[in-house]
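Content type mmCIF, C-alpha atoms, from the file start_11.cif:
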```
data_my_file
loop_
_atom_site.label_atom_id
_atom_site.label_comp_id
_atom_site.auth_asym_id
_atom_site.auth_seq_id
_atom_site.Cartn_x
_atom_site.Cartn_y
_atom_site.Cartn_z
CA MET I 153 0.00 0.00 0.00
CA PRO I 154 2.69 2.58 -0.76
CA VAL I 155 0.20 5.06 -2.35
CA ILE I 156 -2.67 5.63 0.06
CA PHE I 157 -5.86 7.62 -0.47
CA PRO I 158 -8.36 8.65 2.22
CA SER I 159 -11.79 7.02 2.10
CA GLY I 160 -13.99 8.90 -0.36
CA TYR I 161 -11.01 10.59 -2.03
CA ALA I 162 -12.12 12.67 -5.01
CA LEU I 163 -9.64 13.87 -7.61
CA PRO I 164 -9.58 17.66 -7.19
CA SER I 165 -10.84 19.74 -10.10
CA GLY I 166 -7.98 20.59 -12.44
CA ASP I 167 -5.67 17.85 -11.20
CA ARG I 168 -3.89 15.56 -13.63
CA PRO I 169 -5.27 12.00 -13.88
CA LEU I 170 -3.88 9.50 -11.42
CA ASP I 171 -1.89 7.72 -14.12
CA HIS I 172 0.36 10.81 -14.18
CA ALA I 173 3.28 10.82 -11.75
CA ARG I 174 3.15 12.61 -8.42
CA ILE I 175 6.52 13.79 -7.12
CA ALA I 176 7.53 15.14 -3.72
CA HIS I 177 10.74 17.15 -3.94
CA ALA I 178 12.61 19.82 -2.00
CA GLY I 179 10.97 22.54 -4.07
CA ASN I 180 7.44 21.60 -2.99
CA TRP I 181 7.72 20.21 0.54
CA ILE I 182 7.53 22.57 3.50
CA SER I 183 9.90 23.24 6.37
CA GLY I 184 8.84 23.60 9.98
CA SER I 185 9.77 22.88 13.55
CA PRO I 186 9.95 19.13 14.32
CA ALA I 187 8.67 17.85 17.65
CA ALA I 188 7.49 14.53 19.04
CA SER I 189 5.51 13.14 21.93
CA SER I 190 8.59 11.19 23.03
CA VAL I 191 11.93 9.87 21.80
CA SER I 192 13.86 6.74 22.71
CA ALA I 193 16.52 7.28 25.35
CA LEU I 194 19.15 5.72 23.08
CA GLU I 195 21.42 8.45 21.72
CA ILE I 196 21.18 7.16 18.15
CA TYR I 197 17.60 8.45 17.90
CA ASP I 198 16.75 12.11 17.26
CA VAL I 199 13.42 13.97 16.99
CA ALA I 200 14.78 16.08 14.12
CA ALA I 201 15.96 13.11 12.04
CA PRO I 202 12.82 12.70 9.83
CA ALA I 203 13.19 16.33 8.68
CA ASN I 204 16.68 15.90 7.23
CA ASP I 205 18.10 13.78 4.42
CA ALA I 206 20.59 11.70 6.43
CA LEU I 207 18.62 8.48 6.16
CA PHE I 208 20.87 6.63 8.60
CA GLU I 209 19.44 8.89 11.33
CA ARG I 210 16.10 7.92 12.86
CA TRP I 211 13.42 9.05 15.27
CA LYS I 212 11.97 6.36 17.50
CA PRO I 213 9.35 7.08 20.15
CA ALA I 214 9.93 5.82 23.68
CA SER I 215 6.43 4.35 23.77
CA LEU I 216 3.18 4.11 21.83
CA PRO I 217 0.86 5.77 21.02
CA ALA I 218 3.12 8.53 19.72
CA THR I 219 3.11 11.55 17.42
CA TRP I 220 5.71 13.26 15.28
CA ASP I 221 4.85 16.87 14.46
CA LEU I 222 6.01 19.54 12.05
CA GLY I 223 4.89 22.90 13.42
CA ALA I 224 5.17 26.63 12.68
CA LEU I 225 4.02 26.14 9.07
CA GLY I 226 2.41 29.56 8.71
CA GLY I 227 -0.90 28.65 7.05
CA VAL I 228 0.22 26.63 4.03
CA THR I 229 -1.67 24.32 1.66
CA LEU I 230 -0.83 20.60 1.69
CA ASP I 231 -1.93 17.57 -0.33
CA TYR I 232 0.58 14.86 0.57
CA CYS I 233 2.50 13.19 3.35
CA ALA I 234 5.54 11.11 2.38
CA ILE I 235 7.27 8.60 4.67
CA ALA I 236 10.42 6.58 3.93
CA ALA I 237 13.36 4.88 5.62
CA HIS I 238 11.08 3.27 8.21
CA ASP I 239 10.14 -0.08 9.71
CA LEU I 240 6.41 0.56 10.10
CA GLY I 241 5.57 -2.66 8.29
CA ALA I 242 7.98 -4.80 10.29
CA THR I 243 6.72 -3.42 13.61
CA GLY I 244 3.02 -3.71 12.68
CA ALA I 245 2.32 -0.04 13.38
CA THR I 246 -0.94 1.75 12.66
CA VAL I 247 -0.53 5.27 11.26
CA SER I 248 -2.81 8.31 10.87
CA VAL I 249 -2.10 11.65 9.20
CA GLU I 250 -3.48 14.79 10.83
CA LEU I 251 -3.33 18.50 9.99
CA GLU I 252 -3.91 21.46 12.28
CA VAL I 253 -5.96 24.05 10.37
CA SER I 254 -5.98 27.65 11.58
CA GLY I 255 -9.27 28.43 13.32
CA VAL I 256 -10.47 24.82 13.05
CA GLY I 257 -8.08 22.60 14.99
CA TRP I 258 -6.76 19.15 14.19
CA VAL I 259 -8.29 17.40 11.17
CA VAL I 260 -7.66 13.73 10.34
CA VAL I 261 -6.96 13.42 6.61
CA LYS I 262 -6.16 9.70 6.71
CA SER I 263 -7.19 7.58 9.67
CA GLY I 264 -5.33 4.50 10.86
CA PHE I 265 -3.74 2.45 8.11
CA VAL I 266 -1.34 -0.44 8.58
CA PRO I 267 1.65 -0.48 6.21
CA THR I 268 2.22 -3.94 4.78
CA SER I 269 5.96 -3.41 4.16
CA ASP I 270 8.81 -1.02 4.91
CA ALA I 271 8.65 0.52 1.43
CA PRO I 272 8.26 4.30 0.97
CA ILE I 273 4.71 5.56 1.44
CA LEU I 274 2.90 8.45 -0.26
CA ILE I 275 -0.40 9.54 1.26
CA LEU I 276 -2.34 11.73 -1.18
CA PHE I 277 -5.34 13.75 -0.03
CA GLU I 278 -7.46 16.60 -1.29
CA PRO I 279 -5.71 19.96 -0.72
CA VAL I 280 -6.10 21.44 2.77
CA SER I 281 -5.33 25.15 3.18
CA ASN I 282 -4.39 27.30 6.19
CA VAL I 283 -2.38 24.48 7.75
CA ILE I 284 -0.25 25.57 10.71
CA ALA I 285 1.01 22.12 11.80
CA ALA I 286 1.08 18.57 10.46
CA ARG I 287 1.74 15.26 12.16
CA ILE I 288 1.62 11.52 11.96
CA SER I 289 0.12 9.53 14.84
CA ILE I 290 1.33 6.00 15.51
CA SER I 291 -0.16 3.22 17.60
CA GLY I 292 0.72 -0.40 18.12
CA SER I 293 2.82 -2.56 20.41
CA THR I 294 6.35 -2.01 19.07
CA PRO I 295 7.74 1.51 18.55
CA PRO I 296 8.98 1.94 14.97
CA ALA I 297 11.98 3.93 13.75
CA ILE I 298 11.46 6.50 10.97
CA GLY I 299 14.11 8.42 9.05
CA TRP I 300 12.23 10.60 6.55
CA ILE I 301 8.85 12.43 6.66
CA ARG I 302 7.69 15.21 4.35
CA PHE I 303 4.51 17.27 3.79
CA GLY I 304 3.78 19.48 0.80
CA VAL I 305 1.94 19.91 -2.52
CA ALA I 306 3.02 17.30 -5.06
CA LEU I 307 4.31 18.04 -8.53
CA GLN I 308 1.93 16.51 -11.08
CA MET I 309 3.64 15.57 -14.33
CA GLU I 310 1.87 17.00 -17.37
CA THR I 311 1.97 13.72 -19.33
CA ARG I 312 2.17 10.05 -18.44
CA ALA I 313 5.57 8.40 -18.24
CA THR I 314 6.22 6.36 -21.38
CA PHE I 315 5.48 2.65 -21.01
CA PRO I 316 8.01 0.87 -23.31
CA GLY I 317 11.02 -0.17 -21.26
CA ARG I 318 9.27 0.33 -17.94
CA VAL I 319 10.51 -1.89 -15.10
CA PRO I 320 8.25 -2.44 -12.07
CA PHE I 321 9.96 -0.91 -9.06
CA ALA I 322 10.00 -4.24 -7.23
CA LEU I 323 12.10 -5.73 -10.04
CA ALA I 324 14.46 -2.77 -10.43
CA ARG I 325 16.85 -3.89 -7.70
CA ALA I 326 20.47 -3.55 -8.80
CA ARG I 327 22.89 -5.57 -6.71
CA THR I 328 26.63 -6.07 -7.03
CA VAL I 329 27.72 -9.48 -5.81
CA SER I 330 31.27 -10.78 -5.54
CA ALA I 331 31.94 -14.52 -5.34
CA ASN I 332 34.78 -16.23 -3.54
CA VAL I 333 35.97 -19.46 -5.12
CA SER I 334 38.59 -21.99 -4.19
CA ILE I 335 41.74 -22.57 -6.24
CA ARG I 336 39.90 -25.46 -7.86
CA GLY I 337 37.00 -23.23 -8.85
CA ASN I 338 34.55 -24.39 -6.22
CA PRO I 339 32.19 -21.68 -4.91
CA LEU I 340 32.87 -20.73 -1.28
CA ALA I 341 30.70 -17.70 -0.61
CA GLN I 342 28.93 -14.80 -2.22
CA ILE I 343 29.22 -11.32 -0.75
CA LEU I 344 26.71 -8.56 -1.39
CA ALA I 345 28.88 -5.50 -2.08
CA ARG I 346 26.20 -3.01 -3.04
CA SER I 347 22.43 -2.87 -3.23
CA GLY I 348 20.01 -0.31 -4.61
CA ARG I 349 17.37 0.22 -7.26
CA SER I 350 18.15 1.68 -10.68
CA LEU I 351 15.18 3.50 -12.17
CA SER I 352 14.65 5.53 -15.31
CA PHE I 353 11.73 7.68 -16.36
CA LYS I 354 10.80 9.40 -19.60
CA TRP I 355 8.05 11.86 -20.32
CA THR I 356 7.24 13.08 -23.82
CA GLY I 357 5.00 15.82 -25.18
CA LEU I 358 5.57 18.30 -22.35
CA THR I 359 4.46 21.77 -23.40
CA GLU I 360 6.97 24.58 -23.28
CA ALA I 361 4.72 26.59 -20.96
CA TRP I 362 4.63 23.71 -18.44
CA VAL I 363 8.36 23.03 -18.76
CA VAL I 364 9.26 26.65 -18.09
CA ALA I 365 6.83 26.93 -15.17
CA GLU I 366 7.46 23.61 -13.38
CA LEU I 367 10.81 22.08 -14.25
CA PRO I 368 13.31 24.69 -12.96
CA ALA I 369 12.30 24.14 -9.32
CA PHE I 370 12.17 20.36 -9.75
CA LEU I 371 15.53 20.01 -11.49
CA SER I 372 17.27 22.32 -9.02
CA ALA I 373 15.74 20.42 -6.10
CA ILE I 374 16.89 16.98 -7.21
CA GLU I 375 20.47 18.17 -7.61
CA ALA I 376 20.73 18.65 -3.86
CA ALA I 377 18.17 16.39 -2.20
CA PRO I 378 16.30 13.11 -2.71
CA PHE I 379 12.82 13.03 -4.18
CA LEU I 380 9.92 10.63 -3.81
CA ILE I 381 8.03 9.54 -6.90
CA ALA I 382 4.82 7.60 -7.49
CA GLU I 383 5.04 6.89 -11.20
CA ARG I 384 1.35 6.02 -11.83
CA PRO I 385 -0.33 6.22 -8.42
CA GLY I 386 -3.80 5.27 -9.58
CA VAL I 387 -2.61 2.32 -11.69
CA TYR I 388 0.49 0.97 -9.95
CA PRO I 389 0.11 2.12 -6.33
CA GLU I 390 2.99 -0.14 -5.24
CA ASP I 391 5.47 1.77 -7.38
CA VAL I 392 6.73 4.42 -4.98
CA ALA I 393 10.44 5.12 -4.54
CA LEU I 394 12.69 7.51 -2.68
CA CYS I 395 15.31 8.46 -5.27
CA TRP I 396 18.50 10.36 -5.92
CA LEU I 397 19.53 11.82 -9.26
CA ALA I 398 21.98 9.54 -11.07
CA GLY I 399 24.39 11.20 -13.46
CA GLU I 400 23.97 14.56 -15.10
CA ARG I 401 21.10 16.93 -14.45
CA PRO I 402 18.52 16.16 -17.16
CA ARG I 403 17.67 18.69 -19.87
CA PRO I 404 14.30 18.75 -21.69
CA PRO I 405 15.07 18.95 -25.45
CA ALA I 406 12.42 19.83 -28.00
CA SER I 407 10.86 16.69 -29.44
CA GLY I 408 9.40 17.90 -32.73
CA SER I 409 8.32 20.84 -34.83
CA MET I 410 5.81 21.96 -32.21
CA ASP I 411 6.70 23.49 -28.82
CA LEU I 412 6.86 20.12 -27.10
CA HIS I 413 9.67 18.68 -25.02
CA ASP I 414 10.89 15.34 -23.64
CA LEU I 415 12.42 14.68 -20.23
CA THR I 416 14.50 11.63 -19.38
CA LEU I 417 15.56 11.05 -15.80
CA SER I 418 17.86 8.39 -14.33
CA ALA I 419 17.77 7.74 -10.60
CA GLU I 420 19.05 5.48 -7.86
CA ALA I 421 16.44 4.52 -5.29
CA LEU I 422 16.47 3.41 -1.69
CA ASP I 423 16.49 -0.38 -1.45
CA ASP I 424 13.79 -1.12 1.10
CA GLY I 425 14.42 -4.85 1.12
#
```

Would you encode the structure as structure tokens?
Amino acid sequence: MPVIFPSGYALPSGDRPLDHARIAHAGNWISGSPAASSVSALEIYDVAAPANDALFERWKPASLPATWDLGALGGVTLDYCAIAAHDLGATGATVSVELEVSGVGWVVVKSGFVPTSDAPILILFEPVSNVIAARISISGSTPPAIGWIRFGVALQMETRATFPGRVPFALARARTVSANVSIRGNPLAQILARSGRSLSFKWTGLTEAWVVAELPAFLSAIEAAPFLIAERPGVYPEDVALCWLAGERPRPPASGSMDLHDLTLSAEALDDG
């Protein structure tokens, strides 16, 4: 269940269809003041960890139920919550997403769901404005550890990603294995030297007006920070990945005689198991 919709979710007027990618990146997520109901006494855990990009750092509550909050948001509009680098599936946690709306109070935008794995999660909901704080609430028996949480308004790609050559995210794992063999050529052991997911995306037929308006912030953001992508959230909800740009910053060349452009993007993604 990596892409999650609230019950009764209705595609907002003017939104792209749900077979168009939704992307959370540093140009569209918001910054705030992280806080939590509690934190494990072990020094390796930090309340601020989910707000930075050092995925080896984690927040872990001392007990459940627990909340992790992002406050002092100043009345923004939000339509997603993204969670990655976690063990919510392994610990059997139940998660809710709540927003504090100015003059209204706390509103539940997605009530308790139980992640079925430790893969990245994107919760999409109808836009909520005048938000002054956002949080996730966790219940269960075993406190989970979480390394990355973001709230914002997702980039909606203007066209669908091209289908030829597409690899399902679950099958995109790229692993480097070295084998030790005896002097007689008998296998002794195999050692996993590196693990990740290699992904590539291509969009065609992007209008020049959209490219000029939307791509500068996106391309600048992915140079410096990871991004989370749901390639076709309404068709392949399992295909969600937390990625880093691989190679050169992409450029959107014109694709024909009309003012249309293509964008090809190569990325390395977090291997969630």

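Minimum atom-to-atom distance to Leu216 in chain I, evaluated using only C-alpha atoms, belongs to I:Gly292 out of I:Pro202, I:Pro389, I:Pro368, I:Gly292.
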
Find the residues around range 234-242 of chain I up to 6 Å (only C-alpha atoms counted), leave out those fewer than 3 positions away in its own chain, and share them as a PyMOL selection string. chain I and resi 245+267-270+272-274+296-302

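As for CA of Pro186 in chain I and CA of Trp220 in chain I, they are spaced 7.3 Å apart.
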
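Applied to the file shown here, the PyMOL selection byres ((chain I and resi 307-316) around 7) selects the residues I:Arg168, I:Asp171, I:His172, I:Ala173, I:Arg174, I:Ile175, I:Ala176, I:Val305, I:Ala306, I:Gly317, I:Arg318, I:Phe353, I:Lys354, I:Trp355, I:Thr356, I:Gly357, I:Leu358.
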
Suppose we keep C-alpha atoms; can you now write the selection as a JSON list (two decimals), keeping the file's coordinate frame?
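New file out.json:
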```json
[["chain", "number", "residue", "atom", "x", "y", "z"],
["I", 168, "ARG", "CA", -3.89, 15.56, -13.63],
["I", 171, "ASP", "CA", -1.89, 7.72, -14.12],
["I", 172, "HIS", "CA", 0.36, 10.81, -14.18],
["I", 173, "ALA", "CA", 3.28, 10.82, -11.75],
["I", 174, "ARG", "CA", 3.15, 12.61, -8.42],
["I", 175, "ILE", "CA", 6.52, 13.79, -7.12],
["I", 176, "ALA", "CA", 7.53, 15.14, -3.72],
["I", 305, "VAL", "CA", 1.94, 19.91, -2.52],
["I", 306, "ALA", "CA", 3.02, 17.30, -5.06],
["I", 317, "GLY", "CA", 11.02, -0.17, -21.26],
["I", 318, "ARG", "CA", 9.27, 0.33, -17.94],
["I", 353, "PHE", "CA", 11.73, 7.68, -16.36],
["I", 354, "LYS", "CA", 10.80, 9.40, -19.60],
["I", 355, "TRP", "CA", 8.05, 11.86, -20.32],
["I", 356, "THR", "CA", 7.24, 13.08, -23.82],
["I", 357, "GLY", "CA", 5.00, 15.82, -25.18],
["I", 358, "LEU", "CA", 5.57, 18.30, -22.35]]
```

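Of the listed residues (I:Ser352, I:Trp362, I:Phe208, I:Ile182), I:Ile182 comes nearest to Val283 in chain I; the distances count only C-alpha atoms.
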